[in-house]
Amino acid sequence: MVVTTSAATESNYDRKNEIKAIDESKIGIKGLVDAGLAKIPRVFIHEHLKLEIKSGPANTNIEIPVIDLEGRLNSSRRVEIIEKIRHACEKWGFFQVINHEIPITVLEEMIAGIRRFHEDTKAKEGLYSRDDKKKVTFNTKIDMTQALTAYWRDTLTCVMAPHPPALEELPTACRDMMLEYTNSVMSLGIDLFELISEALGLNPNHLKDIGCAEGLYVMGHYYPACPEPELTMGTGIHTDSGFLTVLLQDHTGGLQVLHDDQWIDVTPIPGALIINLGDLLQLITNNKFISVYHRALAKNVGPRISIASFFRTCIETENSSRMYGPIKELLSQDNPPIFREVNVVDYFHFKHKKGVEGTQALAHFKL
């Protein structure tokens with residue numbers, strides 16, 4: 001396989017052939033690194049971000065909120081937890097949870113299982129695909145149709161709800177843990193949607209009843225050590241599309257959240273899970289709760305493993321008539337709707353076809 005290194009000049013750079021070579025190898029970025037790559041391929045270089053990354057280090061003196069969920073069924077403790085969640089959702093859009101009742105052994109085994117898969121070349125080759133109709137795929141984050149910079153990561157994607165894949169479609173390296181972990185995350189998600197509903201002053205079942213917890217889209221990321229981390233990104237600046245994301249990360253770190261125009265490191269806490277709100281939750285809460293920019297840095301150490309579980313309504317064709325707009329109970333003369341109702345399928349297609357790094361699609365749907 002021939003790829004163009006960062007030493008290539010613009011005049012002789014052939015993006016199409018470079019991404020074709022990477023894609024057809026079916027080995028991902030890890031395969032390139034294992035082959036002794038010393039300079040990253042041109043398609044991974046983020047020219048427009050180099051200055052920003054170098055001049056905008058994270059603020060290490062601020063931490064995102066950490067919320068202890070222990071005792072959340074106790075009435076007095078629940079009130080305290082709901083208030084902390086309300087504050088985190090209004091001011092941060094991100095928080096970490098501890099005592100969430102998913103055993104740390106399950107978290108550790110899930111991370112280990114995702115790593116096992118990504119380090120099994122034959123398993124990856126068998127699942128390599130860019131067909132988004134498949135429920136289980138592996139690929140490298142490269143946009144094949146637009147001139148967008150690629151991200152320094154490989155990803156196993158599994159659509160786990162509402163229509164999970166057949167058992168044999170899941171890779172053996174993480175099959176059992178994928179099922180156990182995602183079942184636990186679905187249960188935690190329902191608890192979180194109840195708490196968020198109450199933080200909005202709604203019936204505890206409100207968000208669940210309108211479909212926020214019905215779909216789960218899981219991405220198991222593998223960020224290999226990068227020989228030139230200052231030139232690329234693990235994941236670029238973005239907001240999440242759905243309602244809520246539950247993120248499990250290993251001890252390596254690299255996730256940053258934009259808060260008050262500063263990048264904040266999300267420090268790994270053993271046993272904790274990171275929760276962040278997506279665009280659709282900001283839309284239906286009429287900007288009361290926020291979906292914020294975040295990114296993952298490339299590092300010269302690794303691999304870094306993270307598993308992002310996205311709660312979103314089913315975006316299959318049969319669901320194309322479902323509309324979401326600001327929740328009526330939250331609106332008033334003093335708080336009129338900011339967004340128009342949106343068809344979820346159209347929203348996802350608009351955001352991901354537009355594909356502009358760091359741009360919230362929400363602005364397109366404002367009244």
# chains A, B, ... in the order shown; residues from 1 in each chain; ligands from 1
call {"tool": "closest_atom_pairs", "arguments": {"of": "stretch 159-246 of chain A", "to": "stretch 337-357 of chain A", "cutoff": "10 Å", "atoms": "only C-alpha atoms", "output": "Markdown table"}}
result
| residue | atom | partner | partner_atom | distance |
| --- | --- | --- | --- | --- |
| A:Thr235 | CA | A:Glu357 | CA | 9.7 |
| A:Gly236 | CA | A:Glu357 | CA | 6.5 |
| A:Ile237 | CA | A:Glu357 | CA | 6.0 |
| A:His238 | CA | A:Glu357 | CA | 6.1 |
| A:Thr239 | CA | A:Glu357 | CA | 9.3 |
| A:Ser241 | CA | A:Phe348 | CA | 7.0 |
| A:Gly242 | CA | A:Phe348 | CA | 8.6 |
call {"tool": "closest_atom_pairs", "arguments": {"of": "stretch 14-128 of chain A", "to": "stretch 218-231 of chain A", "cutoff": "8 Å", "atoms": "only C-alpha atoms", "output": "Markdown table"}}
result
| residue | atom | partner | partner_atom | distance |
| --- | --- | --- | --- | --- |
| A:Ile29 | CA | A:Pro224 | CA | 7.1 |
| A:Lys30 | CA | A:Pro224 | CA | 5.8 |
| A:Val33 | CA | A:Pro224 | CA | 7.5 |
| A:Leu37 | CA | A:Pro227 | CA | 7.7 |
| A:Ala38 | CA | A:Pro227 | CA | 5.9 |
| A:Lys39 | CA | A:Pro227 | CA | 6.2 |
| A:Ile40 | CA | A:Glu228 | CA | 6.6 |
| A:Phe44 | CA | A:Leu231 | CA | 7.8 |
| A:Ile45 | CA | A:Leu231 | CA | 5.3 |
| A:His46 | CA | A:Leu231 | CA | 6.0 |
| A:Glu47 | CA | A:Leu231 | CA | 7.3 |
| A:Lys50 | CA | A:Leu231 | CA | 6.1 |
| A:Ile53 | CA | A:Glu230 | CA | 7.4 |
| A:Lys54 | CA | A:Glu230 | CA | 7.6 |
| A:Ile114 | CA | A:Gly220 | CA | 6.2 |
| A:Arg115 | CA | A:Tyr222 | CA | 7.1 |
| A:His118 | CA | A:Tyr222 | CA | 6.9 |
call {"tool": "select_by_dssp", "arguments": {"residues": "stretch 197-299 of chain A", "states": "alpha helix (DSSP H)", "output": "list in words"}}
result
Ser197, Glu198, Ala199, His206, Leu207, Lys208, Asp209, Asp279, Leu280, Leu281, Gln282, Leu283 and Ile284 of chain A
call {"tool": "residues_around", "arguments": {"residues": "A:Val159", "least_positions_apart": "6", "cutoff": "12 Å", "atoms": "only C-alpha atoms", "output": "PyMOL selection string"}}
result
chain A and resi 132-137+165-166+169-170+178-179+182+214-220+308-316
call {"tool": "write_last_selection", "arguments": {"atoms": "C-alpha atoms", "output": "mmCIF file, in the first residue's frame"}}
result
data_model
loop_
_atom_site.group_PDB
_atom_site.id
_atom_site.type_symbol
_atom_site.label_atom_id
_atom_site.label_comp_id
_atom_site.auth_asym_id
_atom_site.auth_seq_id
_atom_site.Cartn_x
_atom_site.Cartn_y
_atom_site.Cartn_z
ATOM 1 C CA ASP A 132 -24.305 2.513 6.802
ATOM 2 C CA LYS A 133 -27.209 0.112 6.342
ATOM 3 C CA LYS A 134 -25.180 -2.643 8.027
ATOM 4 C CA LYS A 135 -25.619 -2.952 11.784
ATOM 5 C CA VAL A 136 -21.993 -3.895 12.509
ATOM 6 C CA THR A 137 -19.047 -2.324 10.663
ATOM 7 C CA PRO A 165 -27.883 -7.253 15.105
ATOM 8 C CA ALA A 166 -27.964 -11.028 15.037
ATOM 9 C CA GLU A 169 -22.827 -10.436 13.430
ATOM 10 C CA LEU A 170 -21.025 -9.157 16.536
ATOM 11 C CA MET A 178 -21.056 -5.762 24.031
ATOM 12 C CA LEU A 179 -24.368 -7.333 24.996
ATOM 13 C CA THR A 182 -25.075 -2.085 26.249
ATOM 14 C CA GLU A 214 -35.346 3.797 22.154
ATOM 15 C CA GLY A 215 -32.253 3.764 19.940
ATOM 16 C CA LEU A 216 -28.638 2.991 20.880
ATOM 17 C CA TYR A 217 -25.760 3.462 18.424
ATOM 18 C CA VAL A 218 -22.411 2.285 19.801
ATOM 19 C CA MET A 219 -18.966 3.256 18.514
ATOM 20 C CA GLY A 220 -15.863 1.535 19.891
ATOM 21 C CA ALA A 308 -19.474 6.143 22.863
ATOM 22 C CA SER A 309 -23.101 5.010 23.209
ATOM 23 C CA PHE A 310 -25.474 7.433 21.504
ATOM 24 C CA PHE A 311 -29.135 7.529 22.537
ATOM 25 C CA ARG A 312 -31.155 8.595 19.543
ATOM 26 C CA THR A 313 -34.497 7.794 18.054
ATOM 27 C CA CYS A 314 -34.509 5.234 15.279
ATOM 28 C CA ILE A 315 -33.582 6.974 12.000
ATOM 29 C CA GLU A 316 -34.817 4.239 9.697
#
call {"tool": "select_by_dssp", "arguments": {"residues": "stretch 224-361 of chain A", "states": "strand (DSSP E or B)", "output": "number ranges by chain"}}
result
A: 233-238, 244-249, 255-259, 262-265, 273-277, 294-297, 304-312, 323-324, 339, 342-343
call {"tool": "closest_atom_pairs", "arguments": {"of": "stretch 186-240 of chain A", "to": "stretch 269-288 of chain A", "cutoff": "9 Å", "atoms": "only C-alpha atoms", "output": "Markdown table"}}
result
| residue | atom | partner | partner_atom | distance |
| --- | --- | --- | --- | --- |
| A:Leu200 | CA | A:Thr285 | CA | 8.1 |
| A:Cys212 | CA | A:Leu281 | CA | 8.6 |
| A:Thr239 | CA | A:Gly278 | CA | 6.7 |
| A:Asp240 | CA | A:Gly278 | CA | 4.7 |
call {"tool": "write_last_selection", "arguments": {"atoms": "N, CA, C and O atoms", "output": "mmCIF file, in the first residue's frame"}}
result
data_model
loop_
_atom_site.group_PDB
_atom_site.id
_atom_site.type_symbol
_atom_site.label_atom_id
_atom_site.label_comp_id
_atom_site.auth_asym_id
_atom_site.auth_seq_id
_atom_site.Cartn_x
_atom_site.Cartn_y
_atom_site.Cartn_z
ATOM 1 N N LEU A 200 -36.249 19.180 34.273
ATOM 2 C CA LEU A 200 -36.990 20.114 33.417
ATOM 3 C C LEU A 200 -38.361 20.457 33.995
ATOM 4 O O LEU A 200 -39.098 21.262 33.414
ATOM 5 N N CYS A 212 -36.823 9.119 23.326
ATOM 6 C CA CYS A 212 -35.406 9.499 23.474
ATOM 7 C C CYS A 212 -34.501 8.314 23.807
ATOM 8 O O CYS A 212 -33.304 8.340 23.494
ATOM 9 N N THR A 239 -20.390 18.665 17.867
ATOM 10 C CA THR A 239 -21.413 18.353 18.860
ATOM 11 C C THR A 239 -22.060 17.040 18.439
ATOM 12 O O THR A 239 -22.014 16.641 17.275
ATOM 13 N N ASP A 240 -22.663 16.337 19.395
ATOM 14 C CA ASP A 240 -23.333 15.075 19.084
ATOM 15 C C ASP A 240 -24.747 15.350 18.574
ATOM 16 O O ASP A 240 -25.394 16.314 18.988
#
call {"tool": "atom_distance", "arguments": {"atom1": "atom CA of A:Thr121", "atom2": "atom CA of A:Gly31"}}
result
8.1 Å
call {"tool": "closest_residue", "arguments": {"among": "A:Ile102, A:Leu73, A:Cys174, A:Ile82", "to": "A:Gly189", "atoms": "only C-alpha atoms"}}
result
A:Ile102
call {"tool": "residues_around", "arguments": {"residues": "A:Ser25", "least_positions_apart": "4", "cutoff": "9 Å", "atoms": "only C-alpha atoms", "output": "NGL selection string"}}
result
:A and (1 or 20-21 or 31 or 125)
call {"tool": "write_last_selection", "arguments": {"atoms": "N, CA, C and O atoms", "output": "compact mmCIF listing (two decimals), in the first residue's frame"}}
result
# COMPACT_ATOMS: atom_id res chain seq x y z
N MET A 1 0.84 -1.19 0.00
CA MET A 1 0.00 0.00 0.00
C MET A 1 0.87 1.24 0.00
O MET A 1 1.82 1.35 0.77
N LYS A 20 -8.10 5.88 -1.12
CA LYS A 20 -8.43 4.59 -1.73
C LYS A 20 -7.46 3.52 -1.23
O LYS A 20 -7.86 2.40 -0.87
N ALA A 21 -6.17 3.87 -1.17
CA ALA A 21 -5.17 2.92 -0.70
C ALA A 21 -5.39 2.55 0.76
O ALA A 21 -5.31 1.37 1.15
N GLY A 31 -3.00 -0.55 11.42
CA GLY A 31 -2.19 -1.28 10.46
C GLY A 31 -1.06 -0.44 9.89
O GLY A 31 0.06 -0.93 9.69
N GLU A 125 -10.74 -7.04 9.04
CA GLU A 125 -10.91 -7.18 7.58
C GLU A 125 -12.29 -7.71 7.24
O GLU A 125 -12.92 -7.30 6.27
call {"tool": "closest_residue", "arguments": {"among": "A:Ala363, A:Val246, A:Met177, A:Ile327", "to": "A:Glu108", "atoms": "only C-alpha atoms"}}
result
A:Met177
call {"tool": "atom_distance", "arguments": {"atom1": "atom CA of A:Ser197", "atom2": "atom CA of A:Pro162"}}
result
21.3 Å
call {"tool": "closest_residue", "arguments": {"among": "A:Ala88, A:Asp265, A:Asn99, A:Tyr181", "to": "A:Phe289", "atoms": "only C-alpha atoms"}}
result
A:Ala88
call {"tool": "decode", "arguments": {"residues": "stretch 249-286 of chain A", "atoms": "N, CA and C atoms", "output": "PDB file, in the first residue's frame"}}
result
ATOM      1  N   GLN A 249     -14.292   5.801  28.769  1.00  0.00           N
ATOM      2  CA  GLN A 249     -12.939   5.996  28.263  1.00  0.00           C
ATOM      3  C   GLN A 249     -11.931   5.313  29.178  1.00  0.00           C
ATOM      4  N   ASP A 250     -10.791   4.944  28.613  1.00  0.00           N
ATOM      5  CA  ASP A 250      -9.744   4.349  29.428  1.00  0.00           C
ATOM      6  C   ASP A 250      -8.973   5.451  30.166  1.00  0.00           C
ATOM      7  N   HIS A 251      -7.826   5.089  30.723  1.00  0.00           N
ATOM      8  CA  HIS A 251      -7.061   6.010  31.574  1.00  0.00           C
ATOM      9  C   HIS A 251      -6.231   7.027  30.792  1.00  0.00           C
ATOM     10  N   THR A 252      -6.176   6.892  29.455  1.00  0.00           N
ATOM     11  CA  THR A 252      -5.236   7.689  28.661  1.00  0.00           C
ATOM     12  C   THR A 252      -5.599   9.162  28.608  1.00  0.00           C
ATOM     13  N   GLY A 253      -6.881   9.481  28.517  1.00  0.00           N
ATOM     14  CA  GLY A 253      -7.322  10.867  28.395  1.00  0.00           C
ATOM     15  C   GLY A 253      -7.161  11.387  26.975  1.00  0.00           C
ATOM     16  N   GLY A 254      -7.561  12.627  26.770  1.00  0.00           N
ATOM     17  CA  GLY A 254      -7.509  13.230  25.434  1.00  0.00           C
ATOM     18  C   GLY A 254      -8.785  13.948  25.069  1.00  0.00           C
ATOM     19  N   LEU A 255      -9.892  13.619  25.756  1.00  0.00           N
ATOM     20  CA  LEU A 255     -11.165  14.300  25.495  1.00  0.00           C
ATOM     21  C   LEU A 255     -11.129  15.700  26.100  1.00  0.00           C
ATOM     22  N   GLN A 256     -11.583  16.686  25.319  1.00  0.00           N
ATOM     23  CA  GLN A 256     -11.677  18.062  25.798  1.00  0.00           C
ATOM     24  C   GLN A 256     -13.049  18.632  25.469  1.00  0.00           C
ATOM     25  N   VAL A 257     -13.556  19.476  26.379  1.00  0.00           N
ATOM     26  CA  VAL A 257     -14.870  20.113  26.252  1.00  0.00           C
ATOM     27  C   VAL A 257     -14.672  21.621  26.211  1.00  0.00           C
ATOM     28  N   LEU A 258     -15.405  22.292  25.323  1.00  0.00           N
ATOM     29  CA  LEU A 258     -15.330  23.749  25.244  1.00  0.00           C
ATOM     30  C   LEU A 258     -16.326  24.359  26.235  1.00  0.00           C
ATOM     31  N   HIS A 259     -15.791  25.123  27.191  1.00  0.00           N
ATOM     32  CA  HIS A 259     -16.616  25.742  28.231  1.00  0.00           C
ATOM     33  C   HIS A 259     -16.123  27.162  28.457  1.00  0.00           C
ATOM     34  N   ASP A 260     -17.028  28.135  28.303  1.00  0.00           N
ATOM     35  CA  ASP A 260     -16.661  29.552  28.445  1.00  0.00           C
ATOM     36  C   ASP A 260     -15.438  29.888  27.587  1.00  0.00           C
ATOM     37  N   ASP A 261     -15.462  29.392  26.341  1.00  0.00           N
ATOM     38  CA  ASP A 261     -14.406  29.676  25.361  1.00  0.00           C
ATOM     39  C   ASP A 261     -13.039  29.140  25.774  1.00  0.00           C
ATOM     40  N   GLN A 262     -13.027  28.131  26.653  1.00  0.00           N
ATOM     41  CA  GLN A 262     -11.784  27.479  27.040  1.00  0.00           C
ATOM     42  C   GLN A 262     -11.917  25.971  26.852  1.00  0.00           C
ATOM     43  N   TRP A 263     -10.839  25.327  26.423  1.00  0.00           N
ATOM     44  CA  TRP A 263     -10.843  23.877  26.326  1.00  0.00           C
ATOM     45  C   TRP A 263     -10.522  23.288  27.702  1.00  0.00           C
ATOM     46  N   ILE A 264     -11.397  22.389  28.168  1.00  0.00           N
ATOM     47  CA  ILE A 264     -11.262  21.771  29.487  1.00  0.00           C
ATOM     48  C   ILE A 264     -10.971  20.284  29.299  1.00  0.00           C
ATOM     49  N   ASP A 265      -9.887  19.800  29.901  1.00  0.00           N
ATOM     50  CA  ASP A 265      -9.589  18.367  29.870  1.00  0.00           C
ATOM     51  C   ASP A 265     -10.623  17.613  30.691  1.00  0.00           C
ATOM     52  N   VAL A 266     -11.112  16.490  30.157  1.00  0.00           N
ATOM     53  CA  VAL A 266     -11.998  15.614  30.923  1.00  0.00           C
ATOM     54  C   VAL A 266     -11.117  14.524  31.528  1.00  0.00           C
ATOM     55  N   THR A 267     -10.783  14.693  32.793  1.00  0.00           N
ATOM     56  CA  THR A 267      -9.858  13.784  33.468  1.00  0.00           C
ATOM     57  C   THR A 267     -10.520  12.431  33.697  1.00  0.00           C
ATOM     58  N   PRO A 268      -9.879  11.338  33.245  1.00  0.00           N
ATOM     59  CA  PRO A 268     -10.461  10.012  33.488  1.00  0.00           C
ATOM     60  C   PRO A 268     -10.566   9.720  34.988  1.00  0.00           C
ATOM     61  N   ILE A 269     -11.724   9.238  35.404  1.00  0.00           N
ATOM     62  CA  ILE A 269     -11.956   8.806  36.786  1.00  0.00           C
ATOM     63  C   ILE A 269     -12.280   7.318  36.744  1.00  0.00           C
ATOM     64  N   PRO A 270     -11.500   6.470  37.406  1.00  0.00           N
ATOM     65  CA  PRO A 270     -11.784   5.024  37.363  1.00  0.00           C
ATOM     66  C   PRO A 270     -13.224   4.728  37.776  1.00  0.00           C
ATOM     67  N   GLY A 271     -13.932   3.985  36.934  1.00  0.00           N
ATOM     68  CA  GLY A 271     -15.303   3.594  37.248  1.00  0.00           C
ATOM     69  C   GLY A 271     -16.362   4.605  36.861  1.00  0.00           C
ATOM     70  N   ALA A 272     -15.957   5.801  36.410  1.00  0.00           N
ATOM     71  CA  ALA A 272     -16.935   6.831  36.043  1.00  0.00           C
ATOM     72  C   ALA A 272     -17.335   6.696  34.581  1.00  0.00           C
ATOM     73  N   LEU A 273     -18.481   7.245  34.243  1.00  0.00           N
ATOM     74  CA  LEU A 273     -18.938   7.369  32.861  1.00  0.00           C
ATOM     75  C   LEU A 273     -19.189   8.841  32.567  1.00  0.00           C
ATOM     76  N   ILE A 274     -18.869   9.252  31.353  1.00  0.00           N
ATOM     77  CA  ILE A 274     -19.073  10.636  30.930  1.00  0.00           C
ATOM     78  C   ILE A 274     -20.418  10.734  30.221  1.00  0.00           C
ATOM     79  N   ILE A 275     -21.191  11.726  30.579  1.00  0.00           N
ATOM     80  CA  ILE A 275     -22.510  11.951  29.985  1.00  0.00           C
ATOM     81  C   ILE A 275     -22.491  13.308  29.282  1.00  0.00           C
ATOM     82  N   ASN A 276     -22.940  13.343  28.034  1.00  0.00           N
ATOM     83  CA  ASN A 276     -23.109  14.646  27.390  1.00  0.00           C
ATOM     84  C   ASN A 276     -24.403  14.693  26.596  1.00  0.00           C
ATOM     85  N   LEU A 277     -24.937  15.892  26.505  1.00  0.00           N
ATOM     86  CA  LEU A 277     -26.207  16.105  25.816  1.00  0.00           C
ATOM     87  C   LEU A 277     -25.964  16.319  24.332  1.00  0.00           C
ATOM     88  N   GLY A 278     -26.919  15.879  23.516  1.00  0.00           N
ATOM     89  CA  GLY A 278     -26.826  16.044  22.078  1.00  0.00           C
ATOM     90  C   GLY A 278     -27.711  17.171  21.564  1.00  0.00           C
ATOM     91  N   ASP A 279     -27.567  17.457  20.275  1.00  0.00           N
ATOM     92  CA  ASP A 279     -28.294  18.565  19.642  1.00  0.00           C
ATOM     93  C   ASP A 279     -29.804  18.451  19.813  1.00  0.00           C
ATOM     94  N   LEU A 280     -30.326  17.234  19.655  1.00  0.00           N
ATOM     95  CA  LEU A 280     -31.787  17.088  19.702  1.00  0.00           C
ATOM     96  C   LEU A 280     -32.339  17.369  21.095  1.00  0.00           C
ATOM     97  N   LEU A 281     -31.546  17.104  22.140  1.00  0.00           N
ATOM     98  CA  LEU A 281     -32.020  17.446  23.479  1.00  0.00           C
ATOM     99  C   LEU A 281     -32.018  18.961  23.662  1.00  0.00           C
ATOM    100  N   GLN A 282     -31.041  19.642  23.097  1.00  0.00           N
ATOM    101  CA  GLN A 282     -31.047  21.109  23.150  1.00  0.00           C
ATOM    102  C   GLN A 282     -32.259  21.653  22.396  1.00  0.00           C
ATOM    103  N   LEU A 283     -32.586  21.031  21.267  1.00  0.00           N
ATOM    104  CA  LEU A 283     -33.730  21.487  20.471  1.00  0.00           C
ATOM    105  C   LEU A 283     -35.038  21.310  21.234  1.00  0.00           C
ATOM    106  N   ILE A 284     -35.264  20.118  21.799  1.00  0.00           N
ATOM    107  CA  ILE A 284     -36.565  19.875  22.436  1.00  0.00           C
ATOM    108  C   ILE A 284     -36.695  20.597  23.776  1.00  0.00           C
ATOM    109  N   THR A 285     -35.542  20.988  24.387  1.00  0.00           N
ATOM    110  CA  THR A 285     -35.629  21.776  25.623  1.00  0.00           C
ATOM    111  C   THR A 285     -35.592  23.275  25.334  1.00  0.00           C
ATOM    112  N   ASN A 286     -35.597  23.628  24.052  1.00  0.00           N
ATOM    113  CA  ASN A 286     -35.661  25.035  23.638  1.00  0.00           C
ATOM    114  C   ASN A 286     -34.488  25.846  24.196  1.00  0.00           C
TER     115      ASN A 286
END
